[in-house]
$ cat input00.tsv   # TSV, C-alpha atoms
chain	number	residue	atom	x	y	z
A	1	MET	CA	0.00	0.00	0.00
A	2	SER	CA	2.90	2.40	0.67
A	3	LYS	CA	4.10	1.90	-2.91
A	4	THR	CA	0.74	2.98	-4.36
A	5	ARG	CA	0.68	6.02	-2.08
A	6	VAL	CA	4.12	7.02	-3.36
A	7	LEU	CA	2.85	6.64	-6.93
A	8	TYR	CA	-0.19	8.74	-6.09
A	9	GLY	CA	2.10	11.40	-4.61
A	10	VAL	CA	4.08	11.45	-7.86
A	11	LEU	CA	0.82	11.72	-9.81
A	12	LEU	CA	-0.38	14.62	-7.61
A	13	ILE	CA	2.92	16.52	-8.03
A	14	SER	CA	2.75	15.96	-11.77
A	15	ALA	CA	-0.83	17.30	-11.88
A	16	LEU	CA	0.21	20.37	-9.87
A	17	MET	CA	3.16	21.07	-12.19
A	18	PHE	CA	0.91	20.60	-15.21
A	19	PHE	CA	-1.57	23.09	-13.69
A	20	VAL	CA	1.21	25.66	-12.96
A	21	LEU	CA	2.80	25.38	-16.37
A	22	TYR	CA	-0.39	25.18	-18.40
A	23	VAL	CA	-3.18	27.20	-16.82
A	24	ASP	CA	-6.19	26.09	-18.82
A	25	MET	CA	-9.39	24.10	-18.40
A	26	LEU	CA	-7.68	20.73	-19.03
A	27	SER	CA	-5.06	21.22	-16.32
A	28	ILE	CA	-7.77	22.29	-13.87
A	29	ILE	CA	-9.85	19.18	-14.64
A	30	VAL	CA	-6.82	16.90	-14.30
A	31	LEU	CA	-5.88	18.45	-10.94
A	32	LEU	CA	-9.44	18.18	-9.62
A	33	LEU	CA	-9.68	14.55	-10.70
A	34	VAL	CA	-6.41	13.70	-8.97
A	35	LEU	CA	-7.55	15.50	-5.80
A	36	ILE	CA	-11.04	13.97	-5.78
A	37	LEU	CA	-9.88	10.42	-6.61
A	38	PRO	CA	-8.82	9.47	-3.02
A	39	LEU	CA	-12.08	10.82	-1.57
A	40	VAL	CA	-14.10	8.76	-4.03
A	41	MET	CA	-12.06	5.64	-3.29
A	42	LEU	CA	-12.46	6.16	0.46
A	43	ALA	CA	-16.23	6.63	0.15
A	44	ILE	CA	-16.59	3.49	-1.97
A	45	ILE	CA	-14.55	1.28	0.34
A	46	ALA	CA	-16.42	2.64	3.39
A	47	MET	CA	-19.82	1.82	1.85
A	48	THR	CA	-18.55	-1.58	0.75
A	49	SER	CA	-17.28	-2.39	4.23
A	50	ALA	CA	-20.76	-1.92	5.68
A	51	GLY	CA	-22.07	-4.64	3.38
A	52	ILE	CA	-19.45	-7.30	4.08
A	53	ARG	CA	-20.43	-10.40	6.11
A	54	ALA	CA	-18.22	-13.44	6.82
A	55	ASN	CA	-18.25	-16.73	8.67
A	56	ILE	CA	-15.93	-19.71	9.21
A	57	THR	CA	-17.00	-23.34	9.67
A	58	SER	CA	-15.59	-26.85	9.68
A	59	PRO	CA	-17.71	-29.81	8.50
A	60	VAL	CA	-15.70	-32.14	10.75
A	61	ALA	CA	-15.59	-31.50	14.50
A	62	VAL	CA	-13.16	-34.31	15.39
A	63	ALA	CA	-9.89	-35.25	13.71
A	64	THR	CA	-6.68	-37.15	14.43
A	65	LYS	CA	-3.13	-35.84	14.58
A	66	ASP	CA	-1.64	-35.01	11.14
A	67	GLU	CA	-5.03	-35.67	9.55
A	68	GLY	CA	-6.28	-33.00	7.14
A	69	THR	CA	-9.58	-31.34	8.06
A	70	ARG	CA	-11.44	-29.03	5.72
A	71	VAL	CA	-12.19	-25.50	6.91
A	72	GLU	CA	-14.48	-23.18	4.93
A	73	ILE	CA	-14.63	-19.38	4.96
A	74	GLN	CA	-17.67	-17.76	3.39
A	75	VAL	CA	-17.59	-14.03	2.59
A	76	GLU	CA	-20.67	-12.21	1.30
A	77	ASN	CA	-20.72	-8.75	-0.28
A	78	PHE	CA	-24.13	-7.06	-0.16
A	79	SER	CA	-22.90	-3.80	-1.73
A	80	PHE	CA	-22.87	-2.70	-5.37
A	81	PHE	CA	-19.10	-2.31	-5.42
A	82	PRO	CA	-16.56	-5.13	-5.77
A	83	VAL	CA	-13.45	-5.39	-3.62
A	84	ALA	CA	-10.32	-5.97	-5.62
A	85	ASN	CA	-8.22	-6.94	-2.60
A	86	ALA	CA	-9.51	-8.35	0.68
A	87	ARG	CA	-6.93	-9.63	3.15
A	88	MET	CA	-8.26	-12.07	5.77
A	89	THR	CA	-6.43	-12.71	9.04
A	90	VAL	CA	-6.92	-16.33	10.17
A	91	CYS	CA	-5.54	-17.43	13.55
A	92	TYR	CA	-5.01	-21.03	14.67
A	93	LYS	CA	-4.74	-21.71	18.38
A	94	ASN	CA	-4.21	-25.04	20.12
A	95	ASN	CA	-5.99	-24.46	23.42
A	96	PHE	CA	-4.21	-27.42	25.03
A	97	SER	CA	-0.71	-26.05	24.40
A	98	ASN	CA	-1.72	-22.39	24.07
A	99	GLN	CA	0.30	-22.16	20.85
A	100	GLU	CA	-0.98	-19.76	18.21
A	101	GLU	CA	-0.20	-19.19	14.52
A	102	THR	CA	-1.48	-16.57	12.09
A	103	GLU	CA	-2.07	-16.88	8.35
A	104	TYR	CA	-3.15	-14.29	5.78
A	105	ILE	CA	-5.40	-15.02	2.80
A	106	THR	CA	-5.97	-12.46	0.03
A	107	ILE	CA	-8.98	-12.76	-2.32
A	108	PRO	CA	-11.19	-10.49	-4.45
A	109	ILE	CA	-14.87	-10.15	-3.49
A	110	HIS	CA	-17.35	-9.54	-6.28
A	111	ALA	CA	-20.31	-7.20	-5.90
A	112	ASN	CA	-23.58	-8.75	-4.66
A	113	ASN	CA	-21.94	-12.14	-4.46
A	114	LYS	CA	-20.71	-14.87	-2.11
A	115	GLU	CA	-17.15	-16.13	-2.07
A	116	LYS	CA	-16.22	-19.46	-0.47
A	117	ILE	CA	-12.65	-20.41	0.37
A	118	SER	CA	-11.77	-23.94	1.46
A	119	PHE	CA	-8.44	-25.10	2.83
A	120	GLU	CA	-7.00	-28.07	4.72
A	121	LEU	CA	-6.12	-27.78	8.39
A	122	SER	CA	-3.90	-30.33	10.09
A	123	SER	CA	-2.32	-30.32	13.53
A	124	ALA	CA	0.87	-32.09	14.52
A	125	HIS	CA	-0.29	-32.13	18.15
A	126	CYS	CA	-3.49	-33.15	19.89
A	127	GLY	CA	-5.80	-30.65	21.54
A	128	THR	CA	-8.74	-28.42	20.71
A	129	VAL	CA	-7.72	-26.25	17.77
A	130	THR	CA	-9.71	-23.04	17.43
A	131	VAL	CA	-9.65	-21.44	13.98
A	132	GLU	CA	-10.68	-17.79	14.13
A	133	LEU	CA	-11.41	-15.45	11.24
A	134	ARG	CA	-10.24	-12.43	13.19
A	135	ARG	CA	-10.66	-9.60	10.66
A	136	ILE	CA	-10.80	-8.63	7.01
A	137	GLN	CA	-8.80	-5.71	5.60
A	138	LEU	CA	-10.52	-4.11	2.61
A	139	TYR	CA	-8.44	-2.13	0.11
A	140	ASP	CA	-9.69	0.25	-2.58
A	141	PHE	CA	-8.83	-0.31	-6.23
A	142	PHE	CA	-5.64	1.74	-6.01
A	143	LYS	CA	-4.70	0.53	-2.50
A	144	LEU	CA	-4.63	4.05	-1.15
A	145	PHE	CA	-6.87	3.24	1.82
A	146	CYS	CA	-7.53	0.22	4.00
A	147	ILE	CA	-10.53	-0.38	6.25
A	148	ARG	CA	-10.21	-3.11	8.87
A	149	LYS	CA	-13.47	-4.91	9.57
A	150	ARG	CA	-13.61	-6.96	12.77
A	151	ILE	CA	-15.17	-10.41	12.19
A	152	GLY	CA	-14.39	-12.49	15.29
A	153	LYS	CA	-16.02	-15.71	14.02
A	154	SER	CA	-14.45	-19.05	14.88
A	155	CYS	CA	-14.85	-22.82	14.76
A	156	SER	CA	-13.16	-25.58	16.72
A	157	VAL	CA	-11.74	-28.96	15.77
A	158	LEU	CA	-10.92	-31.55	18.43
A	159	VAL	CA	-7.64	-33.23	17.46
A	160	MET	CA	-7.60	-36.61	19.20
A	161	PRO	CA	-4.39	-38.48	20.08
A	162	GLN	CA	-3.32	-41.63	18.33
A	163	THR	CA	-4.00	-44.88	20.14
A	164	TYR	CA	-1.89	-48.02	20.25
A	165	ASP	CA	-2.59	-51.68	20.85
A	166	LEU	CA	-0.73	-52.40	24.07
A	167	ASP	CA	0.62	-55.74	25.22
A	168	VAL	CA	0.02	-55.13	28.94
A	169	ALA	CA	-1.04	-57.79	31.43
A	170	VAL	CA	-4.13	-56.89	33.48
A	171	ASP	CA	-4.88	-58.63	36.77
A	172	ARG	CA	-8.59	-59.46	36.67
A	173	ASN	CA	-8.77	-60.88	40.18
A	174	SER	CA	-9.47	-57.51	41.77
A	175	ASP	CA	-11.87	-56.24	39.15
A	176	TYR	CA	-15.18	-57.41	40.66
A	177	ILE	CA	-16.01	-57.48	44.34
A	178	ALA	CA	-19.24	-58.24	46.11
A	179	GLU	CA	-19.01	-55.34	48.57
A	180	SER	CA	-18.74	-52.67	45.88
A	181	GLU	CA	-21.37	-49.95	45.67
A	182	MET	CA	-20.61	-49.41	41.96
A	183	PHE	CA	-22.12	-51.60	39.23
A	184	SER	CA	-21.12	-52.63	35.73
A	185	LYS	CA	-22.83	-50.95	32.80
A	186	LEU	CA	-21.88	-53.81	30.51
A	187	LYS	CA	-22.77	-57.05	32.31
A	188	SER	CA	-25.55	-58.30	34.53
A	189	GLY	CA	-24.86	-60.10	37.79
A	190	ASP	CA	-26.50	-61.44	40.94
A	191	ASP	CA	-26.69	-58.38	43.19
A	192	PRO	CA	-30.42	-57.72	43.85
A	193	SER	CA	-29.74	-54.27	45.32
A	194	GLU	CA	-29.85	-52.72	41.84
A	195	VAL	CA	-31.63	-53.71	38.61
A	196	PHE	CA	-29.42	-53.94	35.52
A	197	ASN	CA	-32.14	-54.54	32.91
A	198	ILE	CA	-35.73	-55.71	32.41
A	199	ARG	CA	-36.42	-58.18	29.60
A	200	ASP	CA	-39.04	-60.67	28.42
A	201	TYR	CA	-39.36	-63.94	30.31
A	202	ALA	CA	-37.41	-66.89	28.86
A	203	GLY	CA	-37.49	-70.54	29.74
A	204	GLY	CA	-35.33	-71.34	32.75
A	205	ASP	CA	-35.63	-67.90	34.38
A	206	LYS	CA	-36.17	-67.97	38.13
A	207	LEU	CA	-39.66	-67.09	39.30
A	208	ASN	CA	-38.34	-64.78	42.02
A	209	ARG	CA	-36.89	-62.54	39.32
A	210	ILE	CA	-40.24	-61.90	37.61
A	211	HIS	CA	-41.30	-58.27	37.86
A	212	TRP	CA	-44.93	-59.01	38.82
A	213	LYS	CA	-46.12	-55.43	39.07
A	214	LEU	CA	-44.82	-54.40	35.65
A	215	SER	CA	-45.86	-57.74	34.09
A	216	SER	CA	-49.48	-57.31	35.24
A	217	LYS	CA	-49.51	-53.76	33.92
A	218	LEU	CA	-48.19	-54.65	30.44
A	219	GLY	CA	-49.75	-58.10	30.15
A	220	ASP	CA	-46.44	-59.91	29.46
A	221	LEU	CA	-44.05	-61.71	31.79
A	222	LEU	CA	-40.99	-59.51	32.41
A	223	VAL	CA	-37.85	-60.54	34.25
A	224	LYS	CA	-35.40	-58.43	36.24
A	225	GLU	CA	-31.68	-58.79	35.58
A	226	TYR	CA	-29.63	-57.90	38.60
A	227	SER	CA	-26.44	-55.87	38.53
A	228	LEU	CA	-22.82	-56.92	38.74
A	229	PRO	CA	-20.81	-55.13	41.47
A	230	VAL	CA	-17.67	-53.55	40.09
A	231	SER	CA	-14.52	-52.50	41.85
A	232	HIS	CA	-13.10	-49.43	40.13
A	233	SER	CA	-9.71	-50.80	40.95
A	234	PHE	CA	-7.65	-48.87	38.40
A	235	LEU	CA	-6.85	-45.18	38.47
A	236	ILE	CA	-4.85	-43.37	35.77
A	237	LEU	CA	-3.47	-40.06	37.04
A	238	VAL	CA	-2.42	-37.57	34.36
A	239	GLU	CA	0.08	-34.80	35.08
A	240	LEU	CA	-0.47	-31.97	32.58
A	241	TYR	CA	2.98	-30.50	33.14
A	242	ILE	CA	4.72	-28.68	30.32
A	243	ASP	CA	8.42	-27.86	30.55
A	244	PRO	CA	9.14	-24.53	28.80
A	245	THR	CA	12.86	-25.39	28.63
A	246	LYS	CA	12.26	-28.34	26.31
A	247	ASN	CA	12.73	-27.90	22.57
A	248	ASN	CA	9.28	-29.27	21.75
A	249	PRO	CA	7.26	-29.67	24.96
A	250	MET	CA	4.10	-30.60	23.05
A	251	GLU	CA	5.70	-33.92	22.08
A	252	TYR	CA	5.78	-34.81	25.78
A	253	LEU	CA	2.11	-33.89	26.23
A	254	ASP	CA	1.17	-35.87	23.11
A	255	THR	CA	2.93	-38.95	24.49
A	256	ILE	CA	1.20	-38.52	27.86
A	257	VAL	CA	-2.29	-38.27	26.34
A	258	GLU	CA	-1.63	-41.10	23.87
A	259	THR	CA	-0.51	-43.30	26.75
A	260	VAL	CA	-3.60	-42.52	28.82
A	261	PHE	CA	-5.98	-43.08	25.90
A	262	SER	CA	-4.29	-46.35	24.93
A	263	LEU	CA	-4.34	-47.66	28.52
A	264	SER	CA	-7.98	-46.67	28.93
A	265	ARG	CA	-9.01	-48.43	25.71
A	266	LEU	CA	-7.09	-51.53	26.80
A	267	LEU	CA	-8.96	-51.63	30.12
A	268	VAL	CA	-12.29	-51.13	28.32
A	269	GLN	CA	-11.49	-54.02	25.98
A	270	ARG	CA	-10.73	-56.15	29.05
A	271	GLU	CA	-14.14	-55.04	30.46
A	272	THR	CA	-12.40	-53.37	33.37
A	273	ALA	CA	-13.97	-50.22	34.78
A	274	HIS	CA	-11.51	-47.52	35.82
A	275	PHE	CA	-10.97	-43.80	36.44
A	276	ILE	CA	-8.93	-41.09	34.71
A	277	GLY	CA	-7.95	-38.15	36.92
A	278	TRP	CA	-6.22	-34.83	36.21
A	279	TYR	CA	-5.79	-31.32	37.54
A	280	ASP	CA	-6.93	-28.30	35.50
A	281	SER	CA	-4.79	-25.29	36.38
A	282	GLY	CA	-7.28	-23.00	34.65
A	283	ASP	CA	-10.01	-23.41	37.27
A	284	GLY	CA	-7.87	-24.95	40.01
A	285	ALA	CA	-9.88	-28.18	40.27
A	286	PHE	CA	-9.17	-31.91	40.26
A	287	TYR	CA	-11.33	-33.94	37.85
A	288	LYS	CA	-11.97	-37.67	37.83
A	289	GLU	CA	-13.91	-39.41	35.05
A	290	GLU	CA	-15.47	-42.87	35.38
A	291	ILE	CA	-14.79	-45.11	32.37
A	292	HIS	CA	-16.84	-48.16	31.36
A	293	THR	CA	-17.01	-47.96	27.56
A	294	GLU	CA	-14.96	-46.62	24.66
A	295	GLN	CA	-17.37	-43.72	24.42
A	296	ASP	CA	-16.64	-42.93	28.08
A	297	ALA	CA	-12.92	-42.98	27.30
A	298	PHE	CA	-13.40	-40.75	24.26
A	299	THR	CA	-15.44	-38.25	26.30
A	300	ALA	CA	-12.88	-38.21	29.11
A	301	ILE	CA	-9.98	-37.58	26.72
A	302	ALA	CA	-11.96	-34.80	25.03
A	303	LYS	CA	-12.42	-33.13	28.43
A	304	LEU	CA	-8.76	-33.71	29.26
A	305	LEU	CA	-7.71	-31.92	26.05
A	306	GLU	CA	-9.73	-28.89	27.11
A	307	ALA	CA	-7.83	-28.60	30.40
A	308	HIS	CA	-5.10	-26.04	31.06
A	309	THR	CA	-1.52	-27.19	31.48
A	310	ASN	CA	0.93	-25.95	34.11
A	311	SER	CA	4.68	-25.37	34.11
A	312	ASP	CA	5.61	-25.28	37.78
A	313	GLY	CA	4.51	-28.38	39.68
A	314	ASN	CA	2.91	-31.81	40.05
A	315	TYR	CA	-0.58	-30.52	40.80
A	316	THR	CA	-2.46	-33.67	39.81
A	317	LEU	CA	-0.53	-35.69	42.39
A	318	ASP	CA	-0.97	-32.96	45.01
A	319	TYR	CA	-4.71	-32.57	44.56
A	320	HIS	CA	-5.31	-36.30	44.28
A	321	HIS	CA	-3.65	-36.71	47.68
A	322	LYS	CA	-5.92	-33.99	49.06
A	323	VAL	CA	-9.32	-35.04	47.71
A	324	ASP	CA	-9.06	-38.68	46.67
A	325	ARG	CA	-6.25	-40.38	48.58
A	326	HIS	CA	-8.59	-42.44	50.78
A	327	THR	CA	-10.38	-44.10	47.84
A	328	GLN	CA	-9.28	-47.74	47.53
A	329	TYR	CA	-7.74	-48.85	44.22
A	330	SER	CA	-6.00	-52.05	43.29
A	331	HIS	CA	-3.52	-50.17	41.07
A	332	VAL	CA	-2.66	-46.53	40.34
A	333	VAL	CA	-0.80	-45.49	37.20
A	334	TYR	CA	0.76	-42.03	37.37
A	335	VAL	CA	1.79	-40.56	33.99
A	336	THR	CA	4.11	-37.55	34.16
A	337	SER	CA	7.06	-35.89	32.43
A	338	ARG	CA	8.29	-34.33	35.68
A	339	ILE	CA	9.75	-36.57	38.36
A	340	THR	CA	11.77	-35.60	41.41
A	341	GLN	CA	12.84	-37.25	44.63
A	342	ASP	CA	9.98	-35.50	46.43
A	343	VAL	CA	7.49	-36.87	43.89
A	344	LEU	CA	8.80	-40.40	44.40
A	345	SER	CA	8.60	-39.98	48.18
A	346	ARG	CA	4.94	-39.00	47.98
A	347	CYS	CA	4.26	-41.88	45.61
A	348	GLY	CA	5.97	-44.17	48.09
A	349	GLU	CA	3.57	-42.99	50.81
A	350	TYR	CA	0.62	-43.74	48.58
A	351	GLN	CA	2.15	-47.11	47.72
A	352	LYS	CA	1.29	-48.23	51.24
A	353	MET	CA	-2.41	-48.06	50.28
A	354	ALA	CA	-2.27	-49.39	46.70
A	355	PRO	CA	0.34	-50.56	44.17
A	356	MET	CA	1.55	-47.66	42.05
A	357	SER	CA	3.39	-47.43	38.76
A	358	VAL	CA	5.02	-44.19	37.62
A	359	LEU	CA	5.34	-43.72	33.85
A	360	HIS	CA	8.03	-41.10	33.34
A	361	VAL	CA	7.84	-39.52	29.88
A	362	THR	CA	11.32	-38.65	28.68
A	363	ASN	CA	13.10	-38.01	25.41
A	364	ASP	CA	16.13	-40.05	26.44
A	365	VAL	CA	15.62	-43.16	28.56
A	366	ASP	CA	19.37	-43.36	29.13
A	367	GLU	CA	19.32	-40.04	30.97
A	368	GLN	CA	16.87	-40.90	33.72
A	369	PRO	CA	17.31	-38.82	36.91
A	370	ASN	CA	19.34	-40.49	39.62
A	371	LEU	CA	16.49	-41.09	42.06
A	372	THR	CA	15.89	-43.84	44.56
A	373	SER	CA	12.65	-45.48	45.55
A	374	SER	CA	12.35	-48.68	47.48
A	375	SER	CA	8.76	-49.44	46.50
A	376	VAL	CA	7.51	-47.41	43.54
A	377	GLU	CA	7.97	-48.85	40.07
A	378	VAL	CA	9.26	-46.20	37.65
A	379	ILE	CA	9.00	-47.04	33.96
A	380	PRO	CA	10.73	-44.68	31.47
A	381	LEU	CA	8.35	-43.81	28.65
A	382	GLN	CA	10.13	-42.79	25.47
A	383	VAL	CA	8.56	-39.83	23.66
A	384	GLY	CA	6.78	-41.18	20.57
A	385	ALA	CA	7.34	-44.84	21.53
A	386	VAL	CA	4.34	-45.75	23.68
A	387	GLN	CA	4.00	-49.38	22.56
A	388	PHE	CA	7.67	-50.23	23.03
A	389	SER	CA	8.01	-48.47	26.40
A	390	LEU	CA	5.01	-50.14	28.09
A	391	ARG	CA	6.00	-53.74	27.43
A	392	SER	CA	7.16	-54.16	31.02
A	393	LEU	CA	4.04	-52.66	32.62
A	394	VAL	CA	1.79	-55.00	34.59
A	395	LEU	CA	-1.50	-53.72	35.98

$ encode --input "input00.tsv" --output "structure tokens"
Amino acid sequence: MSKTRVLYGVLLISALMFFVLYVDMLSIIVLLLVLILPLVMLAIIAMTSAGIRANITSPVAVATKDEGTRVEIQVENFSFFPVANARMTVCYKNNFSNQEETEYITIPIHANNKEKISFELSSAHCGTVTVELRRIQLYDFFKLFCIRKRIGKSCSVLVMPQTYDLDVAVDRNSDYIAESEMFSKLKSGDDPSEVFNIRDYAGGDKLNRIHWKLSSKLGDLLVKEYSLPVSHSFLILVELYIDPTKNNPMEYLDTIVETVFSLSRLLVQRETAHFIGWYDSGDGAFYKEEIHTEQDAFTAIAKLLEAHTNSDGNYTLDYHHKVDRHTQYSHVVYVTSRITQDVLSRCGEYQKMAPMSVLHVTNDVDEQPNLTSSSVEVIPLQVGAVQFSLRSLVL
């Protein structure tokens, strides 16, 4: 735009010299046209700006890392004047890592017309990616003036982590207990304190399980299926710690979330109910999600990816000890990229209540910190190598 203004300045000086040297009607008309031209351009672009509308959408709300997702920008011009140059500012922000990038797209916008721009969005890291059409800069035909129009429309794409098929042994002996107050959502059992399902009577069903009141009301014999008590014996604790000194700290977070999702899916496949817990530094709260099905795991990971990370402590471990330390589990898996002697000491205290495994995410397994723990199992978890690193884990 500065180049065109310089050219206009040259044109204005030329018109003035022409008017001084040749004082006649032609020189007056030329000078007036050169003087009026910017005012006309400014008026046109101002009127055009009032008639510009824009929106941004994504047909796909969920994607996977490095998977292309289509994003569409629709710009509509209700005015009678076209825009030769419209520069759109599009910002991409991963809410999980708080990383932001900006891209500029320049297009013409025809009068009384709609323009649609489609492009592929892919993210190398998991998280909720917000794509915002922040503003549109409208230029006149000669690029003398620019009017910035605030748009502020956005759409979000949830970028899920990759999952891996893990070869991890799971101890089923502690999965179901008769004294539990929690019940399976997948299987029926023999606990009459809660009804799992009501179905039609079949040959061989016990008479004491017939729901007489409902059967008389509907005119068909219906049978109650009792519930199966479940011990939520597994807890996966997630430390959303990000080290600003690392070259690519998001690789550590990706490995943490991929590990949690893969472990959760493994437990679901083994029909083992469990919990996923984490601390959100944004609202200062500890969250714990109950997992029975793959959909439960998907929902929990989606919530996890909306949480805020921290860069100065092991808050998940701290808050778990405050609000949940007295809950009985048969095994606790603690996934973190930050491990110190103090962390191991606290894990050792918890070890007295339940077996605990610490999965330490690191970029170099040969450079593990020189820490000692008499009871807590620490397994180095290589960044980007979830399957290989977890071969020695036993739940």

$ atom_distance --input "input00.tsv" --atom1 "atom CA of Ile44 of chain A" --atom2 "atom CA of Leu11 of chain A"
20.8 Å

$ closest_residue --input "input00.tsv" --among "A:Phe81, A:Phe19, A:Tyr92, A:Tyr8" --to "Ser122 of chain A" --atoms "all atoms listed in the file"
A:Tyr92

$ atom_distance --input "input00.tsv" --atom1 "atom CA of Cys146 of chain A" --atom2 "atom CA of Ile117 of chain A"
21.6 Å

$ residues_around --input "input00.tsv" --residues "segment 29-37 of chain A" --least-positions-apart "4" --cutoff "12 Å" --atoms "all atoms listed in the file" --output "MDAnalysis selection string"
chainID A and resid 7:20 22:25 41:44 140:145

$ atom_distance --input "input00.tsv" --atom1 "atom CA of Val157 of chain A" --atom2 "atom CA of Tyr279 of chain A"
22.7 Å

$ residues_around --input "input00.tsv" --residues "segment 123-137 of chain A" --least-positions-apart "4" --cutoff "7 Å" --atoms "all atoms listed in the file" --output "MDAnalysis selection string"
chainID A and resid 56 65:66 86:96 146:161 250 254 305:306

$ closest_residue --input "input00.tsv" --among "A:Ile236, A:Leu393, A:Val361, A:Ile242" --to "Ile301 of chain A" --atoms "only C-alpha atoms"
A:Ile236

$ closest_residue --input "input00.tsv" --among "A:Tyr319, A:Val376, A:Glu76, A:Gln295" --to "Gln341 of chain A" --atoms "all atoms listed in the file"
A:Val376

$ closest_residue --input "input00.tsv" --among "A:Ala297, A:Cys347, A:Met353, A:Leu253" --to "Ser97 of chain A" --atoms "all atoms listed in the file"
A:Leu253

$ build_atoms --input "input00.tsv" --residues "segment 247-261 of chain A" --atoms "N, CA, C and O atoms" --output "short mmCIF file (atom, residue, chain, number, x, y, z; two decimals), in the coordinates of the input"
data_model
loop_
_atom_site.label_atom_id
_atom_site.label_comp_id
_atom_site.auth_asym_id
_atom_site.auth_seq_id
_atom_site.Cartn_x
_atom_site.Cartn_y
_atom_site.Cartn_z
N ASN A 247 12.78 -28.39 23.94
CA ASN A 247 12.73 -27.90 22.57
C ASN A 247 11.32 -27.98 21.98
O ASN A 247 10.85 -27.06 21.34
N ASN A 248 10.65 -29.11 22.23
CA ASN A 248 9.28 -29.27 21.75
C ASN A 248 8.45 -29.90 22.86
O ASN A 248 8.22 -31.11 22.87
N PRO A 249 7.98 -29.10 23.80
CA PRO A 249 7.26 -29.67 24.96
C PRO A 249 5.95 -30.34 24.58
O PRO A 249 5.48 -31.21 25.31
N MET A 250 5.36 -29.98 23.44
CA MET A 250 4.10 -30.60 23.05
C MET A 250 4.27 -32.08 22.73
O MET A 250 3.33 -32.86 22.85
N GLU A 251 5.47 -32.50 22.33
CA GLU A 251 5.70 -33.92 22.08
C GLU A 251 5.55 -34.73 23.37
O GLU A 251 5.07 -35.87 23.34
N TYR A 252 5.93 -34.14 24.48
CA TYR A 252 5.78 -34.81 25.78
C TYR A 252 4.30 -34.94 26.13
O TYR A 252 3.83 -36.00 26.58
N LEU A 253 3.54 -33.84 25.93
CA LEU A 253 2.11 -33.89 26.23
C LEU A 253 1.40 -34.87 25.32
O LEU A 253 0.50 -35.60 25.75
N ASP A 254 1.77 -34.91 24.04
CA ASP A 254 1.17 -35.87 23.11
C ASP A 254 1.39 -37.30 23.60
O ASP A 254 0.47 -38.12 23.60
N THR A 255 2.62 -37.59 24.02
CA THR A 255 2.93 -38.95 24.49
C THR A 255 2.14 -39.28 25.75
O THR A 255 1.64 -40.41 25.90
N ILE A 256 1.98 -38.30 26.64
CA ILE A 256 1.20 -38.52 27.86
C ILE A 256 -0.25 -38.86 27.52
O ILE A 256 -0.80 -39.85 28.01
N VAL A 257 -0.87 -38.06 26.67
CA VAL A 257 -2.29 -38.27 26.34
C VAL A 257 -2.47 -39.56 25.54
O VAL A 257 -3.44 -40.30 25.75
N GLU A 258 -1.55 -39.86 24.63
CA GLU A 258 -1.63 -41.10 23.87
C GLU A 258 -1.51 -42.32 24.79
O GLU A 258 -2.20 -43.33 24.60
N THR A 259 -0.65 -42.21 25.78
CA THR A 259 -0.51 -43.30 26.75
C THR A 259 -1.79 -43.51 27.54
O THR A 259 -2.26 -44.65 27.71
N VAL A 260 -2.37 -42.42 28.02
CA VAL A 260 -3.60 -42.52 28.82
C VAL A 260 -4.73 -43.09 27.99
O VAL A 260 -5.46 -43.98 28.44
N PHE A 261 -4.90 -42.60 26.77
CA PHE A 261 -5.98 -43.08 25.90
C PHE A 261 -5.79 -44.55 25.56
O PHE A 261 -6.75 -45.34 25.57
#
